[in-house]
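Text of start-v4.cif, listed as mmCIF, C-alpha atoms and all ligand atoms:
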```cif
data_target
#
loop_
_atom_site.label_atom_id
_atom_site.label_comp_id
_atom_site.auth_asym_id
_atom_site.auth_seq_id
_atom_site.Cartn_x
_atom_site.Cartn_y
_atom_site.Cartn_z
CA MET A 295 11.73 -12.56 20.27
CA LYS A 296 9.03 -12.79 17.66
CA PHE A 297 11.40 -13.75 14.86
CA THR A 298 12.91 -16.65 16.76
CA ARG A 299 9.43 -17.97 17.36
CA ILE A 300 8.32 -17.86 13.75
CA MET A 301 11.61 -18.73 12.08
CA PRO A 302 11.93 -22.31 10.82
CA ALA A 303 15.04 -24.13 12.10
CA GLY A 304 16.67 -24.11 8.62
CA ALA A 305 16.19 -20.37 8.31
CA ARG A 306 17.66 -19.91 11.79
CA LEU A 307 20.77 -21.83 10.76
CA ARG A 308 21.08 -19.84 7.54
CA ALA A 309 20.58 -16.60 9.44
CA ALA A 310 23.24 -17.62 11.95
CA ALA A 311 25.64 -18.55 9.13
CA LEU A 312 24.97 -15.27 7.34
CA LEU A 313 25.42 -13.33 10.55
CA ALA A 314 28.71 -15.14 11.18
CA SER A 315 29.96 -14.39 7.67
CA LEU A 316 28.88 -10.77 7.91
CA THR A 317 30.57 -10.51 11.28
CA ALA A 318 33.77 -12.00 9.83
CA LEU A 319 33.58 -9.62 6.88
CA GLY A 320 33.03 -6.70 9.22
CA ALA A 321 35.94 -7.72 11.41
CA ALA A 322 38.24 -7.99 8.39
CA ALA A 323 37.16 -4.68 6.89
CA THR A 324 37.11 -2.47 9.95
CA ALA A 325 39.25 -1.94 12.98
CA TRP A 326 36.34 -0.89 15.16
CA ALA A 327 33.38 -2.95 16.30
CA GLN A 328 29.98 -2.13 14.91
CA GLN A 329 26.98 -3.65 16.63
CA ASP A 330 26.16 -7.18 15.53
CA VAL A 331 22.42 -7.37 15.06
CA PRO A 332 20.40 -10.55 14.58
CA PHE A 333 19.19 -11.38 11.08
CA TRP A 334 16.23 -13.27 9.68
CA GLY A 335 17.54 -14.57 6.38
CA ASN A 336 19.16 -11.47 4.92
CA ILE A 337 16.85 -9.10 6.79
CA PRO A 338 17.96 -7.58 10.10
CA VAL A 339 15.45 -8.35 12.83
CA ALA A 340 13.68 -5.08 13.53
CA PRO A 341 14.27 -3.61 17.00
CA GLU A 342 11.19 -3.31 19.22
CA GLY A 343 12.23 -0.62 21.65
CA ILE A 344 9.56 1.82 20.54
CA ALA A 345 7.22 -0.57 18.73
CA ASN A 346 3.56 -1.19 19.50
CA LYS A 347 2.85 2.20 20.99
CA PRO A 348 -0.78 2.29 22.16
CA LEU A 349 -2.90 4.92 20.47
CA PRO A 350 -4.42 7.36 23.00
CA ASP A 351 -8.13 8.17 22.72
CA GLY A 352 -7.53 11.60 21.23
CA PRO A 353 -8.49 13.89 19.70
CA PHE A 354 -5.04 15.25 18.87
CA GLN A 355 -4.36 18.77 17.75
CA TYR A 356 -1.43 19.84 15.58
CA ALA A 357 -0.03 22.94 13.99
CA THR A 358 1.11 22.10 10.46
CA ALA A 359 3.60 23.63 8.05
CA GLU A 360 1.19 25.51 5.81
CA GLY A 361 -0.38 27.24 8.81
CA GLN A 362 -3.42 25.00 8.87
CA ASP A 363 -4.14 23.66 12.36
CA ILE A 364 -5.71 20.23 12.38
CA ARG A 365 -7.57 18.02 14.79
CA VAL A 366 -7.28 14.25 14.50
CA VAL A 367 -10.27 12.34 15.80
CA VAL A 368 -10.15 8.62 16.61
CA LEU A 369 -13.38 7.20 15.15
CA THR A 370 -12.54 3.70 16.33
CA LYS A 371 -9.50 1.77 17.53
CA GLU A 372 -11.27 -1.54 17.81
CA LEU A 373 -10.25 -2.94 14.45
CA GLU A 374 -7.85 -5.86 14.04
CA PHE A 375 -5.14 -4.83 11.60
CA PRO A 376 -7.37 -2.84 9.27
CA TYR A 377 -6.06 -2.56 5.74
CA ALA A 378 -8.08 -0.28 3.49
CA ILE A 379 -11.00 2.12 3.65
CA ALA A 380 -13.80 2.95 1.19
CA PHE A 381 -16.81 5.23 1.23
CA LEU A 382 -20.34 4.52 0.02
CA PRO A 383 -22.76 7.20 -1.18
CA ASP A 384 -25.02 6.82 1.87
CA GLY A 385 -22.17 7.72 4.23
CA THR A 386 -21.28 4.15 5.17
CA ILE A 387 -17.54 3.62 5.62
CA LEU A 388 -16.16 0.18 4.79
CA VAL A 389 -12.89 -1.07 6.26
CA THR A 390 -11.15 -4.36 5.52
CA GLU A 391 -9.20 -6.23 8.18
CA ARG A 392 -6.25 -8.37 7.17
CA VAL A 393 -7.67 -11.25 9.21
CA GLY A 394 -10.34 -11.58 6.51
CA ARG A 395 -13.17 -9.49 7.86
CA LEU A 396 -15.10 -6.60 6.42
CA ARG A 397 -16.30 -3.98 8.89
CA MET A 398 -18.42 -0.88 8.52
CA LEU A 399 -18.85 2.43 10.27
CA ARG A 400 -22.19 4.18 10.23
CA ASP A 401 -22.65 7.71 11.53
CA GLY A 402 -18.92 7.60 12.29
CA LYS A 403 -19.29 4.61 14.68
CA LEU A 404 -18.01 1.09 14.21
CA VAL A 405 -20.80 -1.45 13.77
CA ALA A 406 -19.95 -4.34 16.08
CA LYS A 407 -21.05 -7.12 13.75
CA PRO A 408 -18.78 -7.75 10.74
CA VAL A 409 -20.28 -7.44 7.26
CA GLU A 410 -21.42 -10.84 5.98
CA GLY A 411 -21.14 -12.31 2.52
CA GLY A 412 -17.43 -11.83 1.78
CA PRO A 413 -15.27 -14.71 0.53
CA PRO A 414 -13.25 -17.06 2.74
CA SER A 415 -9.63 -15.90 2.91
CA PHE A 416 -6.25 -16.91 4.29
CA HIS A 417 -3.86 -14.88 6.39
CA ALA A 418 -0.61 -15.77 8.14
CA GLY A 419 2.17 -14.17 10.11
CA THR A 420 2.20 -10.74 11.68
CA SER A 421 1.61 -7.58 9.72
CA GLY A 422 4.95 -5.87 9.22
CA LEU A 423 7.05 -8.99 9.66
CA PRO A 424 8.61 -10.85 6.73
CA GLY A 425 6.35 -13.41 5.09
CA ALA A 426 3.07 -11.93 6.34
CA ILE A 427 0.08 -12.89 4.17
CA HIS A 428 -3.01 -10.73 4.37
CA GLY A 429 -6.58 -12.06 4.12
CA TYR A 430 -8.66 -9.09 3.01
CA MET A 431 -6.77 -6.21 1.43
CA ASN A 432 -8.04 -3.43 -0.78
CA ILE A 433 -11.69 -2.50 -1.20
CA ALA A 434 -13.56 -0.09 -3.47
CA PRO A 435 -17.03 0.40 -4.87
CA HIS A 436 -17.51 0.09 -8.64
CA PRO A 437 -17.66 3.49 -10.40
CA ASP A 438 -21.32 2.75 -11.20
CA PHE A 439 -22.05 1.53 -7.68
CA GLU A 440 -25.29 3.53 -7.47
CA THR A 441 -26.80 1.32 -10.15
CA ASN A 442 -24.93 -2.01 -9.93
CA ARG A 443 -24.11 -2.15 -6.17
CA TRP A 444 -20.78 -3.93 -6.80
CA ILE A 445 -18.12 -3.78 -4.10
CA TYR A 446 -14.66 -4.97 -5.19
CA LEU A 447 -12.22 -6.66 -2.84
CA SER A 448 -8.68 -8.04 -3.20
CA TYR A 449 -7.95 -10.99 -0.94
CA THR A 450 -5.83 -14.08 -0.45
CA LYS A 451 -7.91 -17.03 -1.60
CA PRO A 452 -7.37 -20.46 -0.05
CA LEU A 453 -7.28 -23.33 -2.57
CA PRO A 454 -8.31 -26.95 -1.95
CA ASP A 455 -4.65 -28.10 -2.10
CA GLN A 456 -3.81 -25.84 0.91
CA SER A 457 -2.03 -23.30 -1.28
CA THR A 458 -3.26 -19.76 -1.91
CA VAL A 459 -3.62 -17.24 -4.70
CA VAL A 460 -4.53 -13.57 -4.67
CA ALA A 461 -7.83 -12.67 -6.29
CA VAL A 462 -9.88 -9.58 -6.97
CA GLY A 463 -13.59 -10.26 -6.67
CA ARG A 464 -16.86 -8.47 -6.23
CA GLY A 465 -20.08 -8.84 -4.31
CA ARG A 466 -23.35 -6.94 -4.40
CA TRP A 467 -24.05 -4.60 -1.52
CA ASN A 468 -27.49 -5.08 -0.08
CA ASP A 469 -28.60 -3.54 3.15
CA GLY A 470 -25.26 -3.86 4.94
CA ALA A 471 -24.20 -7.23 3.54
CA LEU A 472 -22.54 -8.66 0.45
CA SER A 473 -24.16 -11.26 -1.77
CA ASP A 474 -23.32 -13.13 -4.99
CA PHE A 475 -19.58 -12.79 -4.40
CA GLU A 476 -17.57 -13.84 -7.47
CA ASP A 477 -13.94 -13.64 -8.50
CA VAL A 478 -13.22 -11.18 -11.29
CA PHE A 479 -9.48 -11.71 -11.75
CA VAL A 480 -7.43 -14.44 -10.09
CA LEU A 481 -3.69 -13.85 -10.17
CA ASP A 482 -1.18 -16.55 -11.01
CA LYS A 483 0.47 -18.25 -8.06
CA GLY A 484 3.41 -16.28 -6.71
CA ALA A 485 2.13 -12.95 -8.05
CA GLY A 486 0.14 -10.72 -5.77
CA GLY A 487 1.24 -9.96 -2.25
CA PRO A 488 -0.38 -6.78 -1.00
CA THR A 489 -2.65 -6.10 -3.94
CA PRO A 490 -4.09 -2.62 -4.36
CA PHE A 491 -6.46 -1.88 -7.21
CA VAL A 492 -8.25 1.18 -8.49
CA PHE A 493 -10.79 2.02 -11.17
CA GLY A 494 -9.42 4.43 -13.75
CA LYS A 495 -11.44 7.19 -15.32
CA ASP A 496 -11.58 4.87 -18.35
CA GLY A 497 -13.63 2.45 -16.22
CA MET A 498 -10.84 -0.13 -16.27
CA LEU A 499 -9.63 -1.98 -13.22
CA TYR A 500 -5.93 -1.43 -12.49
CA ILE A 501 -4.33 -4.04 -10.23
CA ALA A 502 -0.82 -3.60 -8.79
CA THR A 503 1.11 -6.75 -7.96
CA SER A 504 4.26 -7.69 -6.09
CA GLY A 505 6.44 -10.77 -6.08
CA GLY A 506 7.41 -12.86 -9.09
CA ASN A 507 9.86 -11.56 -11.67
CA ALA A 508 9.16 -7.88 -12.22
CA GLN A 509 11.15 -7.77 -15.49
CA ASP A 510 9.63 -10.96 -16.98
CA PRO A 511 6.81 -9.98 -19.35
CA MET A 512 5.30 -13.46 -19.03
CA ASN A 513 5.02 -13.18 -15.23
CA GLN A 514 2.23 -11.26 -13.47
CA GLY A 515 4.36 -10.35 -10.44
CA GLY A 516 5.79 -6.86 -10.08
CA LYS A 517 3.39 -5.33 -12.60
CA VAL A 518 0.42 -3.07 -12.92
CA LEU A 519 -2.30 -5.02 -14.75
CA ARG A 520 -5.30 -3.51 -16.54
CA VAL A 521 -8.55 -5.42 -17.06
CA HIS A 522 -12.24 -4.75 -17.60
CA ASP A 523 -14.48 -4.66 -14.52
CA ASP A 524 -15.37 -8.31 -15.20
CA GLY A 525 -11.73 -9.40 -15.68
CA ARG A 526 -11.65 -9.48 -19.49
CA ILE A 527 -8.48 -8.10 -21.06
CA PRO A 528 -8.95 -4.84 -22.95
CA ARG A 529 -7.91 -4.86 -26.61
CA ASP A 530 -6.10 -1.54 -26.22
CA ASN A 531 -3.71 -2.73 -23.52
CA PRO A 532 -0.12 -1.83 -24.47
CA PHE A 533 1.17 -5.36 -25.02
CA VAL A 534 -1.88 -7.00 -26.62
CA GLY A 535 -0.69 -9.05 -29.60
CA LYS A 536 2.98 -8.68 -28.70
CA GLU A 537 4.82 -11.98 -28.68
CA GLY A 538 6.17 -12.98 -25.28
CA TYR A 539 4.05 -10.56 -23.25
CA LEU A 540 1.02 -11.22 -21.08
CA PRO A 541 -1.74 -9.04 -22.55
CA GLU A 542 -3.02 -7.97 -19.11
CA ILE A 543 0.28 -6.18 -18.34
CA TYR A 544 0.09 -2.38 -18.29
CA THR A 545 3.50 -1.60 -16.73
CA LEU A 546 6.54 -3.64 -15.63
CA GLY A 547 9.41 -3.41 -13.17
CA HIS A 548 7.73 -2.89 -9.81
CA ARG A 549 8.77 -4.33 -6.46
CA ASN A 550 6.23 -4.27 -3.65
CA GLN A 551 3.27 -2.03 -4.41
CA LEU A 552 0.93 -1.08 -1.57
CA GLY A 553 -1.10 1.75 -3.05
CA LEU A 554 -2.84 2.89 -6.23
CA THR A 555 -4.84 6.03 -6.79
CA VAL A 556 -6.27 8.11 -9.60
CA HIS A 557 -5.53 11.81 -9.76
CA PRO A 558 -9.03 13.31 -9.64
CA VAL A 559 -8.24 15.99 -12.24
CA THR A 560 -5.71 14.48 -14.65
CA GLY A 561 -7.06 10.93 -14.39
CA ASP A 562 -3.51 9.58 -14.20
CA ILE A 563 -2.83 6.44 -12.21
CA TRP A 564 -0.27 6.80 -9.40
CA ALA A 565 1.31 3.96 -7.43
CA SER A 566 3.32 3.64 -4.24
CA GLU A 567 6.13 1.10 -4.36
CA ASN A 568 8.35 -0.15 -1.56
CA GLY A 569 12.06 -0.55 -2.01
CA PRO A 570 13.84 -2.75 0.53
CA ASN A 571 15.89 -0.55 2.92
CA GLY A 572 15.25 2.64 1.00
CA GLY A 573 14.22 3.23 -2.56
CA ASP A 574 10.52 3.72 -1.80
CA GLU A 575 8.85 5.34 -4.77
CA ILE A 576 5.77 7.13 -5.98
CA ASN A 577 5.32 6.34 -9.66
CA LEU A 578 3.17 7.89 -12.33
CA ILE A 579 1.88 4.87 -14.22
CA ARG A 580 2.11 5.19 -18.02
CA PRO A 581 1.12 2.39 -20.40
CA GLY A 582 3.89 0.05 -21.49
CA ARG A 583 6.59 1.63 -19.34
CA ASN A 584 9.20 -0.17 -17.24
CA TYR A 585 9.81 1.17 -13.72
CA GLY A 586 13.13 -0.52 -13.17
CA TRP A 587 12.97 -3.03 -10.33
CA PRO A 588 15.25 -4.87 -9.62
CA VAL A 589 17.68 -3.54 -12.20
CA VAL A 590 17.76 -0.04 -10.78
CA SER A 591 16.57 1.45 -7.52
CA PHE A 592 17.61 4.29 -5.24
CA GLY A 593 18.12 2.49 -1.99
CA ARG A 594 19.83 -0.24 -0.03
CA GLN A 595 19.21 -3.92 0.24
CA TYR A 596 18.13 -5.03 3.72
CA HIS A 597 21.63 -6.26 4.65
CA GLY A 598 23.32 -3.01 3.61
CA PRO A 599 24.66 -2.82 0.04
CA TRP A 600 23.13 -0.41 -2.46
CA GLN A 601 20.60 -2.11 -4.72
CA HIS A 602 22.45 -0.79 -7.77
CA LYS A 603 26.09 0.24 -8.14
CA ASP A 604 25.11 3.53 -9.79
CA ASN A 605 22.86 4.35 -6.88
CA ARG A 606 20.64 7.21 -7.98
CA PRO A 607 16.97 7.98 -8.32
CA THR A 608 16.99 8.39 -12.09
CA HIS A 609 16.94 5.22 -14.11
CA GLU A 610 18.63 5.15 -17.52
CA GLY A 611 16.13 3.60 -19.89
CA TYR A 612 13.52 3.24 -17.16
CA GLU A 613 10.80 5.43 -15.74
CA PRO A 614 12.10 7.44 -12.80
CA PRO A 615 9.95 7.79 -9.68
CA VAL A 616 8.20 11.11 -9.09
CA VAL A 617 8.96 10.94 -5.36
CA PHE A 618 11.44 8.69 -3.56
CA TRP A 619 12.51 7.99 0.01
CA THR A 620 15.79 6.72 1.40
CA PRO A 621 15.61 5.49 4.12
CA ALA A 622 12.28 3.88 3.44
CA ILE A 623 9.07 4.99 5.12
CA ALA A 624 7.35 1.81 3.84
CA VAL A 625 4.91 3.64 1.59
CA SER A 626 1.34 2.34 1.67
CA GLY A 627 -1.99 3.83 0.61
CA LEU A 628 -1.95 7.17 -1.19
CA THR A 629 -4.42 9.80 -2.31
CA PHE A 630 -4.54 13.26 -3.83
CA TYR A 631 -6.52 15.57 -1.59
CA MET A 632 -9.02 17.73 -3.50
CA GLY A 633 -11.42 18.74 -0.74
CA ASP A 634 -12.37 22.18 0.51
CA ALA A 635 -12.31 21.43 4.23
CA LEU A 636 -8.49 21.61 4.45
CA PRO A 637 -7.90 24.26 1.78
CA LYS A 638 -4.14 24.66 2.20
CA TRP A 639 -3.67 21.01 1.33
CA LYS A 640 -5.73 21.05 -1.85
CA GLY A 641 -3.91 19.21 -4.62
CA ASP A 642 -1.34 17.65 -2.29
CA LEU A 643 -0.42 14.00 -2.33
CA PHE A 644 -0.84 12.12 0.96
CA VAL A 645 0.85 8.78 1.46
CA GLY A 646 0.94 6.49 4.45
CA GLY A 647 4.19 5.23 5.94
CA LEU A 648 4.33 2.01 7.96
CA ARG A 649 7.76 2.63 9.47
CA TYR A 650 10.80 4.80 8.93
CA GLY A 651 14.39 3.64 8.67
CA GLU A 652 13.53 -0.03 9.38
CA ILE A 653 12.37 0.84 12.91
CA PRO A 654 8.86 -0.24 14.02
CA GLY A 655 6.86 2.41 15.85
CA THR A 656 7.76 5.19 13.41
CA GLY A 657 4.79 5.28 11.04
CA ARG A 658 3.69 8.60 9.61
CA LEU A 659 1.55 10.33 7.06
CA ASP A 660 3.60 12.19 4.48
CA ARG A 661 2.26 15.16 2.52
CA VAL A 662 3.93 16.12 -0.76
CA LEU A 663 3.31 19.52 -2.34
CA PHE A 664 3.92 19.57 -6.09
CA ASN A 665 4.16 22.38 -8.59
CA GLN A 666 1.91 22.37 -11.67
CA ARG A 667 4.30 19.91 -13.37
CA PHE A 668 4.15 17.45 -10.48
CA GLU A 669 7.65 18.31 -9.38
CA GLU A 670 8.13 18.16 -5.62
CA LEU A 671 8.33 21.47 -3.75
CA ARG A 672 7.73 20.47 -0.14
CA ARG A 673 7.34 17.37 1.98
CA GLU A 674 5.87 17.27 5.48
CA SER A 675 5.57 14.32 7.84
CA LEU A 676 2.42 14.25 9.95
CA LEU A 677 1.22 12.18 12.94
CA LEU A 678 4.80 11.15 13.78
CA ASP A 679 4.24 11.23 17.53
CA LEU A 680 1.43 8.67 17.31
CA GLY A 681 3.92 6.02 16.10
CA GLN A 682 1.24 4.07 14.24
CA ARG A 683 1.64 2.01 11.07
CA ILE A 684 -0.36 4.03 8.57
CA ARG A 685 -1.79 1.70 5.96
CA ASP A 686 -4.33 3.73 4.05
CA VAL A 687 -5.39 7.33 3.52
CA LYS A 688 -8.40 8.55 1.56
CA GLU A 689 -10.53 11.63 1.25
CA GLY A 690 -14.07 11.15 2.48
CA PRO A 691 -17.18 12.55 0.79
CA ASP A 692 -17.15 15.23 3.52
CA GLY A 693 -13.80 16.56 2.25
CA LEU A 694 -11.93 15.32 5.34
CA LEU A 695 -9.00 12.94 5.31
CA TYR A 696 -9.38 9.44 6.74
CA VAL A 697 -6.42 7.38 7.86
CA VAL A 698 -6.27 3.67 8.71
CA THR A 699 -3.66 2.28 11.11
CA ASP A 700 -2.37 -1.27 10.64
CA GLU A 701 -2.21 -2.23 14.31
CA ASP A 702 -3.79 -4.85 16.55
CA GLU A 703 -5.78 -2.00 18.03
CA GLY A 704 -6.30 -0.66 14.55
CA ALA A 705 -7.86 2.74 14.14
CA VAL A 706 -9.73 4.90 11.72
CA LEU A 707 -8.57 8.50 12.18
CA ARG A 708 -10.31 11.54 10.73
CA ILE A 709 -8.29 14.67 10.03
CA GLU A 710 -10.37 17.84 10.20
CA PRO A 711 -9.69 21.55 10.61
CA ALA A 712 -8.97 22.46 14.24
CA SER A 713 -11.43 25.31 14.12
CA CA A 801 11.51 2.14 -9.89
#
```

What would you get if you wrote out this structure as structure tokens?
Ligand SMILES: [Ca+2]
Amino acid sequence: MKFTRIMPAGARLRAAALLASLTALGAAATAWAQQDVPFWGNIPVAPEGIANKPLPDGPFQYATAEGQDIRVVVLTKELEFPYAIAFLPDGTILVTERVGRLRMLRDGKLVAKPVEGGPPSFHAGTSGLPGAIHGYMNIAPHPDFETNRWIYLSYTKPLPDQSTVVAVGRGRWNDGALSDFEDVFVLDKGAGGPTPFVFGKDGMLYIATSGGNAQDPMNQGGKVLRVHDDGRIPRDNPFVGKEGYLPEIYTLGHRNQLGLTVHPVTGDIWASENGPNGGDEINLIRPGRNYGWPVVSFGRQYHGPWQHKDNRPTHEGYEPPVVFWTPAIAVSGLTFYMGDALPKWKGDLFVGGLRYGEIPGTGRLDRVLFNQRFEELRRESLLLDLGQRIRDVKEGPDGLLYVVTDEDEGAVLRIEPAS
């Protein structure tokens, strides 16, 4: 079992003790016998009965709810745990791999040689298992890429003392390679985790963090931060000049954020946030607001109890999520589709899911149809039968949807009309 292999002896003892106490509790509280499942700390070890399903070569054809038949083409499945995808004006597709490599596709084909010039990074553990640390994470060109050639990257940066921090940096794109890589914003130790970022329509760089103390305004963890493209702190940030607040903070109260996107029409920033066992959220990010974690959340803790006694999606005194999931789908990358190629999906939100209901092998792509007030009308789960961990989804310049799977035979999928 993977967990037994990676679990330190102390953790194994604690897990055994916790399991014993939970078992005793269960025996006292119930007359019937529920299954005892192994734990890693306070997290049940995920079952592997349907995990690691190989991705067929495709293409795959589907009927979908709105009457729009789609074909899903596998552009490559030779990536090693790819993380995020970005598009350059010349048609080049960039994909990060969590092992700390940058890859590119040209003319829809994976270029065998990795892109050179990125920073050294550190990764550990297995994607999807507790404690995993990713090397390269999000990637995006600067809004003025055509003139300045900057490519931005979030990554786990190894330090000389063997520890790590998460940084957002940039390098110049020249003829298929990066040069002059420099850090733009280095997060404090303990803040970071999976670190998506996005450029707002205001030209600012929004960085979503995990970890740390989400309610502590002097801690960078569990926040959305807002900085200039060179890392300087904007004077109009909501907490600038406020005693006891870090001036880079834009919003507070987030748990584990895996995706950020800008609505192409409204310019609003939207984030995906993972609860533990349920309580996944899509949040509309407004300056200075508090999104509740860990005080309130609509979901369970990994070992069973509700996160909050008044379990509900609305949060008194906090910003409620726009969309929520219980059980969790492990929300990842997200994007609003605005293309013409798949017209019945125009305006819909697409969000990746790494796994459903704490069961590996159940990744999906969820589509959410909103009304004009961004209230949910419909939700459809796509690509369920593929069973892949879907890590990122973006619209390409061709108006098609591109999906990245976080697998050891990691894929880039392209969703196009079936006819
Ligand atoms: Ca929340």

Which one of A:Val697, A:Ala434, A:Val521, A:Ala426 sits closest to A:Gly487 if you count all atoms listed in the file? A:Ala426

Mind dumping a table of every stretch 350-423 of chain A residue within 12 Å of stretch 679-691 of chain A, with the nearest atom pair and its distance in Å to one decimal, using only C-alpha atoms, sorted by chain and rising number, as a Markdown table?
```
| residue | atom | partner | partner_atom | distance |
| --- | --- | --- | --- | --- |
| A:Pro350 | CA | A:Leu680 | CA | 8.3 |
| A:Asp351 | CA | A:Leu680 | CA | 11.0 |
| A:Gly352 | CA | A:Leu680 | CA | 10.2 |
| A:Pro353 | CA | A:Leu680 | CA | 11.5 |
| A:Phe354 | CA | A:Leu680 | CA | 9.4 |
| A:Gln355 | CA | A:Asp679 | CA | 11.4 |
| A:Tyr356 | CA | A:Asp679 | CA | 10.5 |
| A:Val366 | CA | A:Leu680 | CA | 10.7 |
| A:Val368 | CA | A:Leu680 | CA | 11.6 |
| A:Lys371 | CA | A:Gln682 | CA | 11.5 |
| A:Phe375 | CA | A:Arg685 | CA | 9.3 |
| A:Pro376 | CA | A:Arg685 | CA | 7.9 |
| A:Tyr377 | CA | A:Arg685 | CA | 6.0 |
| A:Ala378 | CA | A:Asp686 | CA | 5.5 |
| A:Ile379 | CA | A:Asp686 | CA | 6.9 |
| A:Ala380 | CA | A:Lys688 | CA | 7.8 |
| A:Phe381 | CA | A:Gly690 | CA | 6.6 |
| A:Leu382 | CA | A:Pro691 | CA | 8.7 |
| A:Pro383 | CA | A:Pro691 | CA | 8.0 |
| A:Asp384 | CA | A:Pro691 | CA | 9.8 |
| A:Gly385 | CA | A:Pro691 | CA | 7.8 |
| A:Thr386 | CA | A:Pro691 | CA | 10.3 |
| A:Ile387 | CA | A:Gly690 | CA | 8.9 |
| A:Leu388 | CA | A:Gly690 | CA | 11.4 |
| A:Val389 | CA | A:Asp686 | CA | 10.1 |
| A:Thr390 | CA | A:Asp686 | CA | 10.7 |
| A:Glu391 | CA | A:Arg685 | CA | 11.1 |
| A:Arg392 | CA | A:Arg685 | CA | 11.1 |
| A:Gly402 | CA | A:Gly690 | CA | 11.5 |
| A:Ser421 | CA | A:Arg683 | CA | 9.7 |
| A:Gly422 | CA | A:Arg683 | CA | 8.7 |
```

When the cut-off is 6 Å and you count only C-alpha atoms and all ligand atoms, which residues lie near ligand CA 801 (chain A), shown as a PyMOL selection string? chain A and resi 585-587+591+615

Using only C-alpha atoms for the distances, tell me which of A:Arg529, A:Arg466, A:Arg661, A:His417 is nearest to A:Phe439. A:Arg466

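Of the listed residues A:Leu628, A:Gln595, A:Thr620, A:Gly569, the one whose atoms come nearest to A:Leu554 is A:Leu628, with distances taken using all atoms listed in the file.
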
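With atom CA of A:Phe592 on one side and atom CA of A:Ala622 on the other, the separation reads 10.2 Å.
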
Closest pair table for stretch 443-520 of chain A residues within 6 Å of stretch 544-548 of chain A, all atoms listed in the file, as a tab-separated table:
```
residue	atom	partner	partner_atom	distance
A:Ala508	CA	A:Gly547	CA	4.6
A:Gln509	CA	A:Gly547	CA	5.2
A:Gly516	CA	A:His548	CA	4.4
A:Lys517	CA	A:Leu546	CA	4.7
A:Val518	CA	A:Thr545	CA	5.1
A:Leu519	CA	A:Tyr544	CA	5.0
A:Arg520	CA	A:Tyr544	CA	5.8
```
